[in-house]
Amino acid sequence: MPSWNIHIAQTQEVLARDCSLTRAVRDQNAFLFGNLVPDIRVGYMVPGVADPIPYRITHFAKPEPIPKPREDEFWRTYVAPVLHGLDGSRVVALSIEAERDRINRIHYPARYEDEPALKEDPQQVAAANSTAAADVEASCVDLTLGTWAHLLADNIWNTRVNEYLEAHGRHPSDSFRIKKQSDFDWFGRSRPLHLIPVASVRLIGAAARFAQYPIDRGLVIATVGVAHETVRVNEETDQHPPYQLLTDEFFAQTFAEVVEQTISLFEERA
């Protein structure tokens, strides 16, 4: 499965486009968080999951060596019924550079004595922490839409991996799994990451209302912590050991396909 590095990188690429999907998203923070949601309650990525939910449920996928989430079923069940008619206030996603600068000013004020303090947009702060029903509902829709984007990405990546194996006469095995995961890890580390989710009041309220299963405040905070660390330590380098199973061309083509399909399928269905 794609790492969170890859999911975050794909989300950044989608949000950077001027398209109907990005114009429809009211809360980029919730959409970014949603792109991590299917992995939260499984219990592998986030600590403190008291009652894990099986992967086959969180990912709408059969338990097989290379599962392919049924993103279309998730869309019909959870996205389509809530997609239209919402108009909450807009929230932009936070960059780790802005967060790092804010923290540095707190911990090392002397370094910034001659620099004017960064001014937070009061409208953005208010929007991110809004408890208005329309805002929380819009954020819940964007979280759900981000969840669909995660499932679509997993479907495409795993479909292409399966096709690659078949084309080269290989079959899923423990050795294959280890090599695949190593390749995905190295590719994920090469991506330039800068957006991080924030455990805002509005996101916490939206996560609690996620229709498939609620995500409580503690898990939102824990997930945000893991995502922050993922972005913080990302190497963003093209230098890596030779891939053991896949290729640079495979990763470049599939990454681009995921981004394009996320945008085009939204336009087709919405």
# chains A, B, ... in the order shown; residues from 1 in each chain; ligands from 1

$ residues_around --residues "range 122-139 of chain A" --least-positions-apart "6" --cutoff "7 Å" --atoms "only C-alpha atoms" --output "list in words"
Arg26, Asp27, Ala30, Leu86, Asp87, Gly88, Ser89, Arg90, Val91, Ser200, Val201, Arg202, Leu203, Gly205 and Ala206 of chain A

$ residues_around --residues "Val82 in chain A" --least-positions-apart "6" --cutoff "12 Å" --atoms "only C-alpha atoms" --output "PDB file with N, CA and C atoms, in the first residue's frame"
ATOM      1  N   TRP A  75     -17.930   5.675  -2.784  1.00  0.00           N
ATOM      2  CA  TRP A  75     -18.492   6.907  -3.345  1.00  0.00           C
ATOM      3  C   TRP A  75     -20.009   6.880  -3.292  1.00  0.00           C
ATOM      4  N   ARG A  76     -20.599   5.787  -3.783  1.00  0.00           N
ATOM      5  CA  ARG A  76     -22.063   5.683  -3.822  1.00  0.00           C
ATOM      6  C   ARG A  76     -22.669   5.718  -2.424  1.00  0.00           C
ATOM      7  N   GLU A 137     -20.406  20.596   8.900  1.00  0.00           N
ATOM      8  CA  GLU A 137     -20.979  19.684   7.903  1.00  0.00           C
ATOM      9  C   GLU A 137     -20.159  19.713   6.619  1.00  0.00           C
ATOM     10  N   ALA A 138     -19.746  20.913   6.179  1.00  0.00           N
ATOM     11  CA  ALA A 138     -18.924  21.020   4.973  1.00  0.00           C
ATOM     12  C   ALA A 138     -17.584  20.320   5.174  1.00  0.00           C
ATOM     13  N   SER A 139     -17.003  20.464   6.347  1.00  0.00           N
ATOM     14  CA  SER A 139     -15.725  19.797   6.634  1.00  0.00           C
ATOM     15  C   SER A 139     -15.884  18.285   6.660  1.00  0.00           C
ATOM     16  N   CYS A 140     -17.007  17.799   7.149  1.00  0.00           N
ATOM     17  CA  CYS A 140     -17.263  16.359   7.167  1.00  0.00           C
ATOM     18  C   CYS A 140     -17.352  15.827   5.732  1.00  0.00           C
ATOM     19  N   VAL A 141     -17.968  16.594   4.844  1.00  0.00           N
ATOM     20  CA  VAL A 141     -18.044  16.197   3.437  1.00  0.00           C
ATOM     21  C   VAL A 141     -16.633  16.148   2.838  1.00  0.00           C
ATOM     22  N   ASP A 142     -15.812  17.149   3.125  1.00  0.00           N
ATOM     23  CA  ASP A 142     -14.456  17.172   2.577  1.00  0.00           C
ATOM     24  C   ASP A 142     -13.606  16.044   3.151  1.00  0.00           C
ATOM     25  N   LEU A 143     -13.785  15.727   4.424  1.00  0.00           N
ATOM     26  CA  LEU A 143     -13.104  14.585   5.026  1.00  0.00           C
ATOM     27  C   LEU A 143     -13.513  13.295   4.313  1.00  0.00           C
ATOM     28  N   THR A 144     -14.803  13.162   4.049  1.00  0.00           N
ATOM     29  CA  THR A 144     -15.312  11.971   3.357  1.00  0.00           C
ATOM     30  C   THR A 144     -14.777  11.904   1.936  1.00  0.00           C
ATOM     31  N   LEU A 145     -14.700  13.045   1.282  1.00  0.00           N
ATOM     32  CA  LEU A 145     -14.153  13.097  -0.073  1.00  0.00           C
ATOM     33  C   LEU A 145     -12.667  12.719  -0.071  1.00  0.00           C
ATOM     34  N   PHE A 210     -18.049  11.525  10.984  1.00  0.00           N
ATOM     35  CA  PHE A 210     -17.758  10.712   9.799  1.00  0.00           C
ATOM     36  C   PHE A 210     -18.738   9.548   9.746  1.00  0.00           C
ATOM     37  N   ALA A 211     -19.440   9.417   8.634  1.00  0.00           N
ATOM     38  CA  ALA A 211     -20.584   8.514   8.564  1.00  0.00           C
ATOM     39  C   ALA A 211     -20.213   7.037   8.658  1.00  0.00           C
ATOM     40  N   ALA A 270     -19.433  14.022 -10.072  1.00  0.00           N
ATOM     41  CA  ALA A 270     -20.065  15.132  -9.348  1.00  0.00           C
ATOM     42  C   ALA A 270     -20.805  16.078 -10.285  1.00  0.00           C
TER      43      ALA A 270
END

$ closest_residue --among "A:Ile215, A:Arg232, A:Leu21, A:Gln239" --to "Val42 in chain A" --atoms "only C-alpha atoms"
A:Ile215

$ residues_around --residues "range 253-262 of chain A" --least-positions-apart "3" --cutoff "9 Å" --atoms "only C-alpha atoms" --output "ChimeraX atom specification"
/A:6,10-11,13-14,21,149,152-154,156-157,160,248-250,265-267

$ write_last_selection --atoms "N, CA, C and O atoms" --output "compact mmCIF listing (two decimals), in the first residue's frame"
# COMPACT_ATOMS: atom_id res chain seq x y z
N ILE A 6 3.30 9.20 0.38
CA ILE A 6 2.74 9.22 -0.96
C ILE A 6 1.33 9.82 -0.95
O ILE A 6 0.98 10.64 -1.80
N GLN A 10 0.33 13.16 -2.98
CA GLN A 10 -0.74 13.18 -3.98
C GLN A 10 -1.79 14.23 -3.64
O GLN A 10 -2.30 14.93 -4.53
N THR A 11 -2.11 14.35 -2.36
CA THR A 11 -3.10 15.35 -1.94
C THR A 11 -2.59 16.76 -2.24
O THR A 11 -3.34 17.62 -2.71
N GLU A 13 -0.57 17.60 -4.60
CA GLU A 13 -0.63 17.80 -6.05
C GLU A 13 -2.06 18.11 -6.49
O GLU A 13 -2.28 18.99 -7.34
N VAL A 14 -3.03 17.41 -5.94
CA VAL A 14 -4.43 17.67 -6.30
C VAL A 14 -4.82 19.09 -5.88
O VAL A 14 -5.42 19.84 -6.67
N LEU A 21 -12.56 19.89 -8.52
CA LEU A 21 -12.41 19.25 -7.22
C LEU A 21 -11.89 20.24 -6.18
O LEU A 21 -12.47 20.38 -5.10
N ALA A 149 -10.61 9.62 -1.92
CA ALA A 149 -9.37 9.80 -2.68
C ALA A 149 -8.30 8.81 -2.24
O ALA A 149 -7.53 8.29 -3.06
N LEU A 152 -9.28 5.40 -3.71
CA LEU A 152 -9.00 5.39 -5.14
C LEU A 152 -7.50 5.22 -5.38
O LEU A 152 -7.09 4.44 -6.25
N ALA A 153 -6.69 5.95 -4.63
CA ALA A 153 -5.24 5.84 -4.78
C ALA A 153 -4.77 4.41 -4.50
O ALA A 153 -3.98 3.84 -5.27
N ASP A 154 -5.25 3.82 -3.41
CA ASP A 154 -4.86 2.45 -3.08
C ASP A 154 -5.27 1.49 -4.19
O ASP A 154 -4.53 0.56 -4.54
N ILE A 156 -5.67 2.11 -7.43
CA ILE A 156 -4.84 2.27 -8.62
C ILE A 156 -3.44 1.73 -8.38
O ILE A 156 -2.91 0.97 -9.21
N TRP A 157 -2.83 2.08 -7.25
CA TRP A 157 -1.48 1.59 -6.97
C TRP A 157 -1.45 0.06 -6.94
O TRP A 157 -0.57 -0.56 -7.54
N ARG A 160 -1.94 -1.52 -10.41
CA ARG A 160 -0.74 -1.42 -11.25
C ARG A 160 0.36 -2.36 -10.75
O ARG A 160 1.10 -2.93 -11.57
N ASP A 248 11.63 3.41 -11.36
CA ASP A 248 11.33 4.84 -11.33
C ASP A 248 10.19 5.18 -12.28
O ASP A 248 9.33 5.99 -11.96
N GLU A 249 10.20 4.57 -13.46
CA GLU A 249 9.15 4.83 -14.43
C GLU A 249 7.79 4.39 -13.90
O GLU A 249 6.79 5.10 -14.06
N PHE A 250 7.74 3.23 -13.24
CA PHE A 250 6.49 2.74 -12.66
C PHE A 250 5.94 3.75 -11.66
O PHE A 250 4.75 4.10 -11.70
N LEU A 265 -12.32 11.63 -12.17
CA LEU A 265 -13.46 10.86 -11.66
C LEU A 265 -14.40 11.75 -10.85
O LEU A 265 -15.62 11.59 -10.91
N PHE A 266 -13.83 12.70 -10.09
CA PHE A 266 -14.69 13.65 -9.36
C PHE A 266 -15.52 14.45 -10.35
O PHE A 266 -16.74 14.61 -10.17
N GLU A 267 -14.89 14.95 -11.40
CA GLU A 267 -15.62 15.75 -12.39
C GLU A 267 -16.71 14.93 -13.07
O GLU A 267 -17.82 15.41 -13.30

$ residues_around --residues "Val161 in chain A" --least-positions-apart "2" --cutoff "9 Å" --atoms "only C-alpha atoms" --output "number ranges by chain"
A: 66, 156-159, 163-166, 180, 246, 250

$ atom_distance --atom1 "CA of Asp101 in chain A" --atom2 "CA of Arg191 in chain A"
21.6 Å

$ atom_distance --atom1 "CA of Arg17 in chain A" --atom2 "CA of Trp4 in chain A"
20.2 Å

$ closest_residue --among "A:Gln181, A:Asn162, A:Thr230, A:Gln212" --to "Leu193 in chain A" --atoms "only C-alpha atoms"
A:Thr230

$ closest_residue --among "A:Gly43, A:Gly188, A:Arg170, A:Phe60" --to "Asp72 in chain A" --atoms "only C-alpha atoms"
A:Phe60

$ select_by_dssp --residues "range 53-263 of chain A" --states "strand (DSSP E)" --output "ChimeraX atom specification"
/A:94-95,195-196

$ select_by_dssp --residues "range 22-259 of chain A" --states "helix (DSSP H, G or I)" --output "PyMOL selection string"
chain A and resi 22-24+28-34+37-39+55-58+71-82+96-107+109-112+122-128+133-167+174-189+201-208+217-232+248-259

$ residues_around --residues "Arg100 in chain A" --least-positions-apart "6" --cutoff "12 Å" --atoms "only C-alpha atoms" --output "compact mmCIF listing (two decimals) with C-alpha atoms, in the first residue's frame"
# COMPACT_ATOMS: atom_id res chain seq x y z
CA LEU A 94 -1.25 24.62 6.77
CA ILE A 106 7.99 30.65 20.66
CA HIS A 107 11.14 28.71 21.56
CA TYR A 108 13.78 31.13 20.24
CA LEU A 118 3.83 36.72 11.44
CA HIS A 194 4.95 20.54 3.01
CA LEU A 195 1.26 20.30 4.01
CA ILE A 196 0.27 19.04 7.45
CA HIS A 228 3.49 15.91 11.24
CA VAL A 231 6.35 15.35 6.79
CA ARG A 232 9.05 16.63 9.15

$ closest_residue --among "A:Gln28, A:Trp148, A:Ala110, A:Pro2" --to "Glu71 in chain A" --atoms "only C-alpha atoms"
A:Trp148

$ atom_distance --atom1 "CA of Pro65 in chain A" --atom2 "CA of Gly169 in chain A"
15.9 Å

$ closest_residue --among "A:Leu151, A:Ala16, A:Ile103, A:Met45" --to "Thr58 in chain A" --atoms "only C-alpha atoms"
A:Leu151

$ decode --residues "range 154-194 of chain A" --atoms "N, CA and C atoms" --output "short mmCIF file (atom, residue, chain, number, x, y, z; two decimals), in the first residue's frame"
data_model
loop_
_atom_site.label_atom_id
_atom_site.label_comp_id
_atom_site.auth_asym_id
_atom_site.auth_seq_id
_atom_site.Cartn_x
_atom_site.Cartn_y
_atom_site.Cartn_z
N ASP A 154 -5.25 3.82 -3.41
CA ASP A 154 -4.86 2.45 -3.08
C ASP A 154 -5.27 1.49 -4.19
N ASN A 155 -6.48 1.70 -4.73
CA ASN A 155 -6.96 0.84 -5.80
C ASN A 155 -6.03 0.91 -7.01
N ILE A 156 -5.67 2.11 -7.43
CA ILE A 156 -4.84 2.27 -8.62
C ILE A 156 -3.44 1.73 -8.38
N TRP A 157 -2.83 2.08 -7.25
CA TRP A 157 -1.48 1.59 -6.97
C TRP A 157 -1.45 0.06 -6.94
N ASN A 158 -2.39 -0.54 -6.25
CA ASN A 158 -2.37 -1.99 -6.13
C ASN A 158 -2.73 -2.69 -7.44
N THR A 159 -3.61 -2.08 -8.22
CA THR A 159 -3.91 -2.63 -9.54
C THR A 159 -2.67 -2.62 -10.42
N ARG A 160 -1.94 -1.52 -10.41
CA ARG A 160 -0.74 -1.42 -11.25
C ARG A 160 0.36 -2.36 -10.75
N VAL A 161 0.48 -2.53 -9.44
CA VAL A 161 1.46 -3.48 -8.92
C VAL A 161 1.12 -4.90 -9.37
N ASN A 162 -0.16 -5.24 -9.28
CA ASN A 162 -0.59 -6.58 -9.70
C ASN A 162 -0.31 -6.80 -11.18
N GLU A 163 -0.59 -5.80 -12.01
CA GLU A 163 -0.31 -5.90 -13.44
C GLU A 163 1.18 -6.05 -13.70
N TYR A 164 1.98 -5.32 -12.93
CA TYR A 164 3.44 -5.40 -13.08
C TYR A 164 3.94 -6.80 -12.77
N LEU A 165 3.41 -7.37 -11.69
CA LEU A 165 3.81 -8.73 -11.33
C LEU A 165 3.45 -9.72 -12.43
N GLU A 166 2.22 -9.62 -12.92
CA GLU A 166 1.77 -10.54 -13.96
C GLU A 166 2.61 -10.40 -15.22
N ALA A 167 2.97 -9.17 -15.57
CA ALA A 167 3.75 -8.95 -16.78
C ALA A 167 5.15 -9.53 -16.67
N HIS A 168 5.65 -9.64 -15.43
CA HIS A 168 7.00 -10.16 -15.22
C HIS A 168 6.99 -11.59 -14.67
N GLY A 169 5.83 -12.23 -14.73
CA GLY A 169 5.75 -13.62 -14.32
C GLY A 169 6.00 -13.86 -12.84
N ARG A 170 5.62 -12.90 -12.01
CA ARG A 170 5.84 -13.04 -10.57
C ARG A 170 4.51 -13.20 -9.85
N HIS A 171 4.59 -13.64 -8.59
CA HIS A 171 3.39 -13.86 -7.79
C HIS A 171 3.60 -13.30 -6.39
N PRO A 172 2.50 -12.87 -5.73
CA PRO A 172 2.62 -12.36 -4.35
C PRO A 172 3.24 -13.39 -3.42
N SER A 173 4.14 -12.94 -2.56
CA SER A 173 4.80 -13.80 -1.59
C SER A 173 5.36 -12.91 -0.50
N ASP A 174 5.90 -13.52 0.58
CA ASP A 174 6.52 -12.72 1.64
C ASP A 174 7.69 -11.92 1.09
N SER A 175 8.47 -12.54 0.21
CA SER A 175 9.61 -11.85 -0.38
C SER A 175 9.14 -10.66 -1.22
N PHE A 176 8.08 -10.88 -1.99
CA PHE A 176 7.51 -9.80 -2.79
C PHE A 176 7.02 -8.66 -1.91
N ARG A 177 6.32 -9.01 -0.84
CA ARG A 177 5.76 -8.00 0.06
C ARG A 177 6.86 -7.12 0.65
N ILE A 178 7.95 -7.72 1.09
CA ILE A 178 9.05 -6.98 1.70
C ILE A 178 9.70 -6.05 0.68
N LYS A 179 9.93 -6.57 -0.52
CA LYS A 179 10.56 -5.75 -1.56
C LYS A 179 9.64 -4.60 -1.97
N LYS A 180 8.35 -4.90 -2.13
CA LYS A 180 7.39 -3.86 -2.52
C LYS A 180 7.35 -2.75 -1.49
N GLN A 181 7.28 -3.14 -0.22
CA GLN A 181 7.19 -2.13 0.83
C GLN A 181 8.44 -1.27 0.89
N SER A 182 9.59 -1.90 0.70
CA SER A 182 10.85 -1.15 0.67
C SER A 182 10.85 -0.14 -0.48
N ASP A 183 10.40 -0.58 -1.65
CA ASP A 183 10.36 0.33 -2.81
C ASP A 183 9.41 1.49 -2.55
N PHE A 184 8.23 1.20 -2.01
CA PHE A 184 7.26 2.27 -1.72
C PHE A 184 7.82 3.24 -0.67
N ASP A 185 8.51 2.71 0.32
CA ASP A 185 9.09 3.58 1.35
C ASP A 185 10.10 4.54 0.74
N TRP A 186 10.98 4.01 -0.11
CA TRP A 186 11.99 4.87 -0.72
C TRP A 186 11.37 5.91 -1.64
N PHE A 187 10.37 5.49 -2.42
CA PHE A 187 9.71 6.46 -3.29
C PHE A 187 9.02 7.54 -2.46
N GLY A 188 8.33 7.15 -1.41
CA GLY A 188 7.65 8.12 -0.56
C GLY A 188 8.59 9.14 0.03
N ARG A 189 9.79 8.71 0.40
CA ARG A 189 10.76 9.62 0.98
C ARG A 189 11.27 10.64 -0.04
N SER A 190 11.13 10.34 -1.30
CA SER A 190 11.65 11.23 -2.34
C SER A 190 10.72 12.39 -2.64
N ARG A 191 9.48 12.34 -2.15
CA ARG A 191 8.50 13.36 -2.51
C ARG A 191 8.68 14.64 -1.68
N PRO A 192 8.49 15.81 -2.28
CA PRO A 192 8.54 17.06 -1.53
C PRO A 192 7.23 17.26 -0.75
N LEU A 193 7.30 17.19 0.55
CA LEU A 193 6.10 17.33 1.38
C LEU A 193 6.14 18.64 2.14
N HIS A 194 4.99 19.30 2.23
CA HIS A 194 4.95 20.54 3.01
C HIS A 194 3.62 20.78 3.72
#
